[in-house]
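A quick write-up on the structure given underneath.
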Amino acid sequence: MIIKVTKSILPVNSLAQDYLPADYVDVFGTEALDDERLTPDNLLIAVWTDFPKWIKMLFKLRDRLVKPFGLKTSADEKDFKHKFEKAVRNGGRFQLMNVLAKSANEIVVQLADTHLTAEMSVHTEKSNGNQLKITFITIVHFHNVLGKVYFFFVRPFHKIIVKTALKRSITKLIKNNE
(Lines give C-alpha, C1' and ligand atoms only; values in the text may rest on other atoms or scores of the structure.)
Protein backbone atom coordinates (compact mmCIF):
# COMPACT_ATOMS: atom_id res chain seq x y z
CA MET A 1 0.00 0.00 0.00
CA ILE A 2 1.34 3.41 -0.96
CA ILE A 3 0.79 6.16 1.61
CA LYS A 4 0.94 9.71 0.29
CA VAL A 5 0.83 12.53 2.86
CA THR A 6 -0.27 15.90 1.48
CA LYS A 7 -1.30 19.33 2.69
CA SER A 8 -4.87 19.16 3.97
CA ILE A 9 -7.51 21.19 5.77
CA LEU A 10 -8.43 21.30 9.44
CA PRO A 11 -11.40 18.99 10.05
CA VAL A 12 -14.43 21.01 11.17
CA ASN A 13 -15.06 18.65 14.11
CA SER A 14 -11.44 18.73 15.32
CA LEU A 15 -10.63 19.45 18.97
CA ALA A 16 -7.70 21.48 17.63
CA GLN A 17 -10.17 24.24 16.66
CA ASP A 18 -10.11 25.24 20.37
CA TYR A 19 -6.47 26.38 20.07
CA LEU A 20 -7.05 28.88 17.25
CA PRO A 21 -6.26 31.58 16.27
CA ALA A 22 -2.52 30.99 16.08
CA ASP A 23 0.65 32.42 14.56
CA TYR A 24 1.16 29.31 12.41
CA VAL A 25 -1.01 26.35 11.43
CA ASP A 26 -0.33 23.44 9.13
CA VAL A 27 -2.39 20.37 8.41
CA PHE A 28 -1.22 17.23 6.63
CA GLY A 29 -3.39 14.27 5.80
CA THR A 30 -3.65 10.95 4.09
CA GLU A 31 -6.02 8.04 3.71
CA ALA A 32 -5.44 4.40 4.52
CA LEU A 33 -7.52 1.28 4.76
CA ASP A 34 -9.36 1.38 8.08
CA ASP A 35 -7.39 -0.68 10.56
CA GLU A 36 -8.01 -1.07 14.29
CA ARG A 37 -4.34 -0.20 14.97
CA LEU A 38 -4.66 3.24 13.34
CA THR A 39 -5.95 5.05 16.42
CA PRO A 40 -4.94 8.60 17.32
CA ASP A 41 -2.98 7.35 20.36
CA ASN A 42 -1.14 4.65 18.40
CA LEU A 43 -0.32 7.06 15.58
CA LEU A 44 0.98 9.79 17.92
CA ILE A 45 3.10 7.29 19.85
CA ALA A 46 4.53 5.86 16.63
CA VAL A 47 5.25 9.34 15.22
CA TRP A 48 7.17 10.43 18.35
CA THR A 49 9.01 7.23 19.20
CA ASP A 50 10.17 5.83 15.87
CA PHE A 51 12.05 8.48 13.92
CA PRO A 52 14.46 7.51 11.16
CA LYS A 53 18.14 8.08 12.00
CA TRP A 54 18.38 11.29 9.95
CA ILE A 55 15.55 12.88 11.93
CA LYS A 56 17.14 11.80 15.23
CA MET A 57 20.36 13.48 14.07
CA LEU A 58 18.46 16.70 13.25
CA PHE A 59 16.97 16.72 16.77
CA LYS A 60 20.43 16.25 18.32
CA LEU A 61 21.75 19.15 16.22
CA ARG A 62 18.76 21.26 17.24
CA ASP A 63 19.41 20.50 20.91
CA ARG A 64 23.06 21.60 20.63
CA LEU A 65 22.13 24.82 18.83
CA VAL A 66 19.33 25.94 21.19
CA LYS A 67 20.85 24.96 24.55
CA PRO A 68 22.86 28.23 24.85
CA PHE A 69 19.58 30.17 24.49
CA GLY A 70 18.02 28.41 27.46
CA LEU A 71 15.47 26.46 25.42
CA LYS A 72 14.42 23.02 26.58
CA THR A 73 16.11 20.08 24.90
CA SER A 74 15.02 16.50 24.42
CA ALA A 75 16.50 14.31 27.10
CA ASP A 76 17.85 10.87 26.29
CA GLU A 77 15.66 9.43 28.98
CA LYS A 78 15.72 5.75 29.77
CA ASP A 79 12.42 4.07 28.85
CA PHE A 80 11.39 7.11 26.76
CA LYS A 81 8.95 5.12 24.62
CA HIS A 82 7.26 3.47 27.61
CA LYS A 83 6.92 6.73 29.56
CA PHE A 84 5.72 8.68 26.52
CA GLU A 85 3.17 5.97 25.68
CA LYS A 86 1.88 5.90 29.26
CA ALA A 87 1.36 9.69 29.25
CA VAL A 88 -0.45 9.58 25.89
CA ARG A 89 -2.75 6.70 26.81
CA ASN A 90 -3.54 8.03 30.30
CA GLY A 91 -3.87 11.68 29.31
CA GLY A 92 -0.83 12.84 31.26
CA ARG A 93 2.38 14.82 31.00
CA PHE A 94 5.87 13.70 30.02
CA GLN A 95 8.89 15.98 29.56
CA LEU A 96 7.73 18.88 27.32
CA MET A 97 4.54 17.09 26.25
CA ASN A 98 1.16 17.44 27.91
CA VAL A 99 -2.08 15.85 26.69
CA LEU A 100 -4.66 18.65 26.41
CA ALA A 101 -7.69 16.87 24.96
CA LYS A 102 -8.82 13.44 23.80
CA SER A 103 -11.81 11.93 22.07
CA ALA A 104 -12.44 8.61 20.35
CA ASN A 105 -11.00 9.97 17.11
CA GLU A 106 -8.46 12.59 18.21
CA ILE A 107 -5.69 13.47 20.62
CA VAL A 108 -4.25 16.95 21.15
CA VAL A 109 -0.91 17.41 22.89
CA GLN A 110 1.01 20.55 23.74
CA LEU A 111 4.74 21.24 23.76
CA ALA A 112 5.46 24.42 25.71
CA ASP A 113 8.63 26.43 26.22
CA THR A 114 9.53 30.07 26.87
CA HIS A 115 9.76 30.97 23.17
CA LEU A 116 6.66 29.25 21.79
CA THR A 117 3.86 26.81 22.43
CA ALA A 118 2.87 24.17 19.90
CA GLU A 119 -0.27 22.07 19.90
CA MET A 120 -0.21 18.94 17.80
CA SER A 121 -3.17 16.77 16.99
CA VAL A 122 -3.78 13.43 15.34
CA HIS A 123 -7.34 13.21 14.04
CA THR A 124 -8.93 10.16 12.41
CA GLU A 125 -12.23 9.90 10.61
CA LYS A 126 -13.86 7.11 8.63
CA SER A 127 -14.56 8.00 5.03
CA ASN A 128 -15.67 6.22 1.86
CA GLY A 129 -16.54 2.82 3.33
CA ASN A 130 -13.40 1.13 4.58
CA GLN A 131 -11.11 4.17 4.26
CA LEU A 132 -9.74 6.14 7.21
CA LYS A 133 -8.76 9.77 6.83
CA ILE A 134 -5.78 10.61 9.06
CA THR A 135 -4.90 14.24 9.76
CA PHE A 136 -1.87 15.63 11.61
CA ILE A 137 -2.36 19.23 12.78
CA THR A 138 0.30 21.61 14.12
CA ILE A 139 -0.64 24.92 15.75
CA VAL A 140 2.07 27.31 16.94
CA HIS A 141 1.84 30.37 19.21
CA PHE A 142 4.93 32.58 19.45
CA HIS A 143 5.71 34.11 22.85
CA ASN A 144 8.51 36.43 21.74
CA VAL A 145 10.96 37.29 18.97
CA LEU A 146 13.05 34.21 19.78
CA GLY A 147 9.99 32.08 19.00
CA LYS A 148 9.60 33.70 15.59
CA VAL A 149 13.31 33.36 14.77
CA TYR A 150 13.44 29.78 16.02
CA PHE A 151 10.43 28.70 13.99
CA PHE A 152 11.71 30.49 10.88
CA PHE A 153 14.61 28.03 10.86
CA VAL A 154 12.62 25.00 12.03
CA ARG A 155 9.61 25.39 9.71
CA PRO A 156 11.07 23.83 6.52
CA PHE A 157 12.32 20.81 8.48
CA HIS A 158 9.06 20.56 10.43
CA LYS A 159 7.04 19.97 7.27
CA ILE A 160 9.41 17.26 6.01
CA ILE A 161 9.57 15.58 9.42
CA VAL A 162 5.79 15.52 9.89
CA LYS A 163 5.15 14.05 6.45
CA THR A 164 7.93 11.46 6.80
CA ALA A 165 7.02 10.44 10.37
CA LEU A 166 3.29 10.15 9.64
CA LYS A 167 3.86 8.00 6.55
CA ARG A 168 6.39 5.82 8.40
CA SER A 169 4.07 5.37 11.38
CA ILE A 170 1.05 4.34 9.33
CA THR A 171 3.13 1.90 7.31
CA LYS A 172 4.67 0.31 10.43
CA LEU A 173 1.36 0.04 12.29
CA ILE A 174 -0.30 -1.65 9.31
CA LYS A 175 2.64 -4.05 8.79
CA ASN A 176 2.64 -4.98 12.49
CA ASN A 177 -1.00 -5.97 12.16
CA GLU A 178 -0.60 -8.25 9.14
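We label chains A, B, ... in the order they appear in the C-alpha coordinates, count residues from 1 in each chain, and number ligands from 1 in the order shown.
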(message) For Leu38 of chain A, find every residue with an atom within 12 Å (counting only C-alpha atoms), except residues of its own chain fewer than 5 positions away, and show them as a VMD selection string.
(response) chain A and resid 31 to 33 43 to 47 104 to 106 122 to 126 131 to 135 166 to 167 169 to 177
(request) Return as an MDAnalysis selection string the full set of residues in segment 72-120 of chain A whose backbone-based DSSP assignment is strand (DSSP E). (result) chainID A and resid 93:94 97:103 106:112 116:120
(message) Between atom CA of Met97 of chain A and atom CA of Met120 of chain A, what distance in Å does the model show, to one decimal?
(response)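 Interatomic distance, atom CA of Met97 of chain A to atom CA of Met120 of chain A: 9.9 Å.
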(request) Find the spatial neighbours of Gln17 of chain A, counting only C-alpha atoms, within a cut-off of 12 Å - ignore same-chain residues fewer than 2 positions away - and output them as a count of residues only. (result) 23
(request) May I have the residues within 12 Å of segment 156-159 of chain A as a PyMOL selection string, using only C-alpha atoms and disregarding those fewer than 2 positions away in the same chain? (result) chain A and resi 5-7+24-29+54-55+58-59+62+118+120+136-140+150-154+161-166
(request) as an MDAnalysis selection string, please: all residues of segment 45-126 of chain A that backbone DSSP puts in helix (DSSP H, G or I). (result) chainID A and resid 45:49 53:69 80:90
Restricting it to N, CA and C atoms, dump the selection as a tab-separated table (two decimals), in the first residue's frame.
chain	number	residue	atom	x	y	z
A	45	ILE	N	1.99	8.01	19.21
A	45	ILE	CA	3.10	7.29	19.85
A	45	ILE	C	4.11	6.86	18.80
A	46	ALA	N	3.63	6.30	17.70
A	46	ALA	CA	4.53	5.86	16.63
A	46	ALA	C	5.29	7.03	16.01
A	47	VAL	N	4.60	8.16	15.80
A	47	VAL	CA	5.25	9.34	15.22
A	47	VAL	C	6.40	9.81	16.11
A	48	TRP	N	6.18	9.86	17.43
A	48	TRP	CA	7.17	10.43	18.35
A	48	TRP	C	8.23	9.46	18.83
A	49	THR	N	8.04	8.18	18.62
A	49	THR	CA	9.01	7.23	19.20
A	49	THR	C	9.75	6.39	18.17
A	53	LYS	N	16.88	7.57	11.46
A	53	LYS	CA	18.14	8.08	12.00
A	53	LYS	C	18.40	9.54	11.62
A	54	TRP	N	18.09	9.92	10.38
A	54	TRP	CA	18.38	11.29	9.95
A	54	TRP	C	17.57	12.31	10.72
A	55	ILE	N	16.35	11.95	11.13
A	55	ILE	CA	15.55	12.88	11.93
A	55	ILE	C	16.10	12.94	13.35
A	56	LYS	N	16.52	11.82	13.90
A	56	LYS	CA	17.14	11.80	15.23
A	56	LYS	C	18.38	12.69	15.24
A	57	MET	N	19.15	12.64	14.17
A	57	MET	CA	20.36	13.48	14.07
A	57	MET	C	19.98	14.96	14.02
A	58	LEU	N	18.92	15.30	13.30
A	58	LEU	CA	18.46	16.70	13.25
A	58	LEU	C	18.05	17.18	14.64
A	59	PHE	N	17.37	16.34	15.41
A	59	PHE	CA	16.97	16.72	16.77
A	59	PHE	C	18.19	16.91	17.67
A	60	LYS	N	19.20	16.07	17.52
A	60	LYS	CA	20.43	16.25	18.32
A	60	LYS	C	21.13	17.56	17.95
A	61	LEU	N	21.17	17.88	16.66
A	61	LEU	CA	21.75	19.15	16.22
A	61	LEU	C	20.95	20.32	16.77
A	62	ARG	N	19.64	20.22	16.70
A	62	ARG	CA	18.76	21.26	17.24
A	62	ARG	C	19.05	21.49	18.73
A	63	ASP	N	19.16	20.39	19.47
A	63	ASP	CA	19.41	20.50	20.91
A	63	ASP	C	20.72	21.24	21.20
A	64	ARG	N	21.76	20.93	20.43
A	64	ARG	CA	23.06	21.60	20.63
A	64	ARG	C	22.97	23.10	20.31
A	65	LEU	N	22.22	23.42	19.27
A	65	LEU	CA	22.13	24.82	18.83
A	65	LEU	C	21.29	25.69	19.77
A	66	VAL	N	20.24	25.12	20.38
A	66	VAL	CA	19.33	25.94	21.19
A	66	VAL	C	19.68	25.96	22.68
A	67	LYS	N	20.50	25.03	23.12
A	67	LYS	CA	20.85	24.96	24.55
A	67	LYS	C	21.43	26.28	25.08
A	68	PRO	N	22.32	26.96	24.34
A	68	PRO	CA	22.86	28.23	24.85
A	68	PRO	C	21.80	29.32	25.04
A	69	PHE	N	20.65	29.18	24.38
A	69	PHE	CA	19.58	30.17	24.49
A	69	PHE	C	18.59	29.84	25.60
A	80	PHE	N	12.14	6.00	27.36
A	80	PHE	CA	11.39	7.11	26.76
A	80	PHE	C	10.08	6.63	26.15
A	81	LYS	N	10.15	5.59	25.32
A	81	LYS	CA	8.95	5.12	24.62
A	81	LYS	C	7.87	4.71	25.61
A	82	HIS	N	8.24	3.94	26.62
A	82	HIS	CA	7.26	3.47	27.61
A	82	HIS	C	6.63	4.64	28.36
A	83	LYS	N	7.43	5.59	28.80
A	83	LYS	CA	6.92	6.73	29.56
A	83	LYS	C	6.06	7.65	28.69
A	84	PHE	N	6.49	7.86	27.45
A	84	PHE	CA	5.72	8.68	26.52
A	84	PHE	C	4.37	8.01	26.25
A	85	GLU	N	4.41	6.70	25.97
A	85	GLU	CA	3.17	5.97	25.68
A	85	GLU	C	2.20	6.02	26.87
A	86	LYS	N	2.72	5.86	28.06
A	86	LYS	CA	1.88	5.90	29.26
A	86	LYS	C	1.20	7.27	29.39
A	87	ALA	N	1.93	8.34	29.16
A	87	ALA	CA	1.36	9.69	29.25
A	87	ALA	C	0.28	9.90	28.18
A	88	VAL	N	0.53	9.43	26.97
A	88	VAL	CA	-0.45	9.58	25.89
A	88	VAL	C	-1.72	8.79	26.21
A	89	ARG	N	-1.57	7.55	26.57
A	89	ARG	CA	-2.75	6.70	26.81
A	89	ARG	C	-3.54	7.14	28.04
A	90	ASN	N	-2.85	7.64	29.07
A	90	ASN	CA	-3.54	8.03	30.30
A	90	ASN	C	-3.91	9.51	30.35
(request) Could you check which of A:Ser127, A:Gln110, A:Thr117, A:Gln95 is closest to Thr30 of chain A, using only C-alpha atoms? (result) A:Ser127
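Atom to atom, atom CA of His141 of chain A and atom CA of Leu116 of chain A stand 5.6 Å apart.
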(request) Have a look at atom CA of Leu100 of chain A and atom CA of Val149 of chain A and let me know their distance in Å, one decimal. (result)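 Value for the atom CA of Leu100 of chain A-atom CA of Val149 of chain A distance: 26.0 Å.
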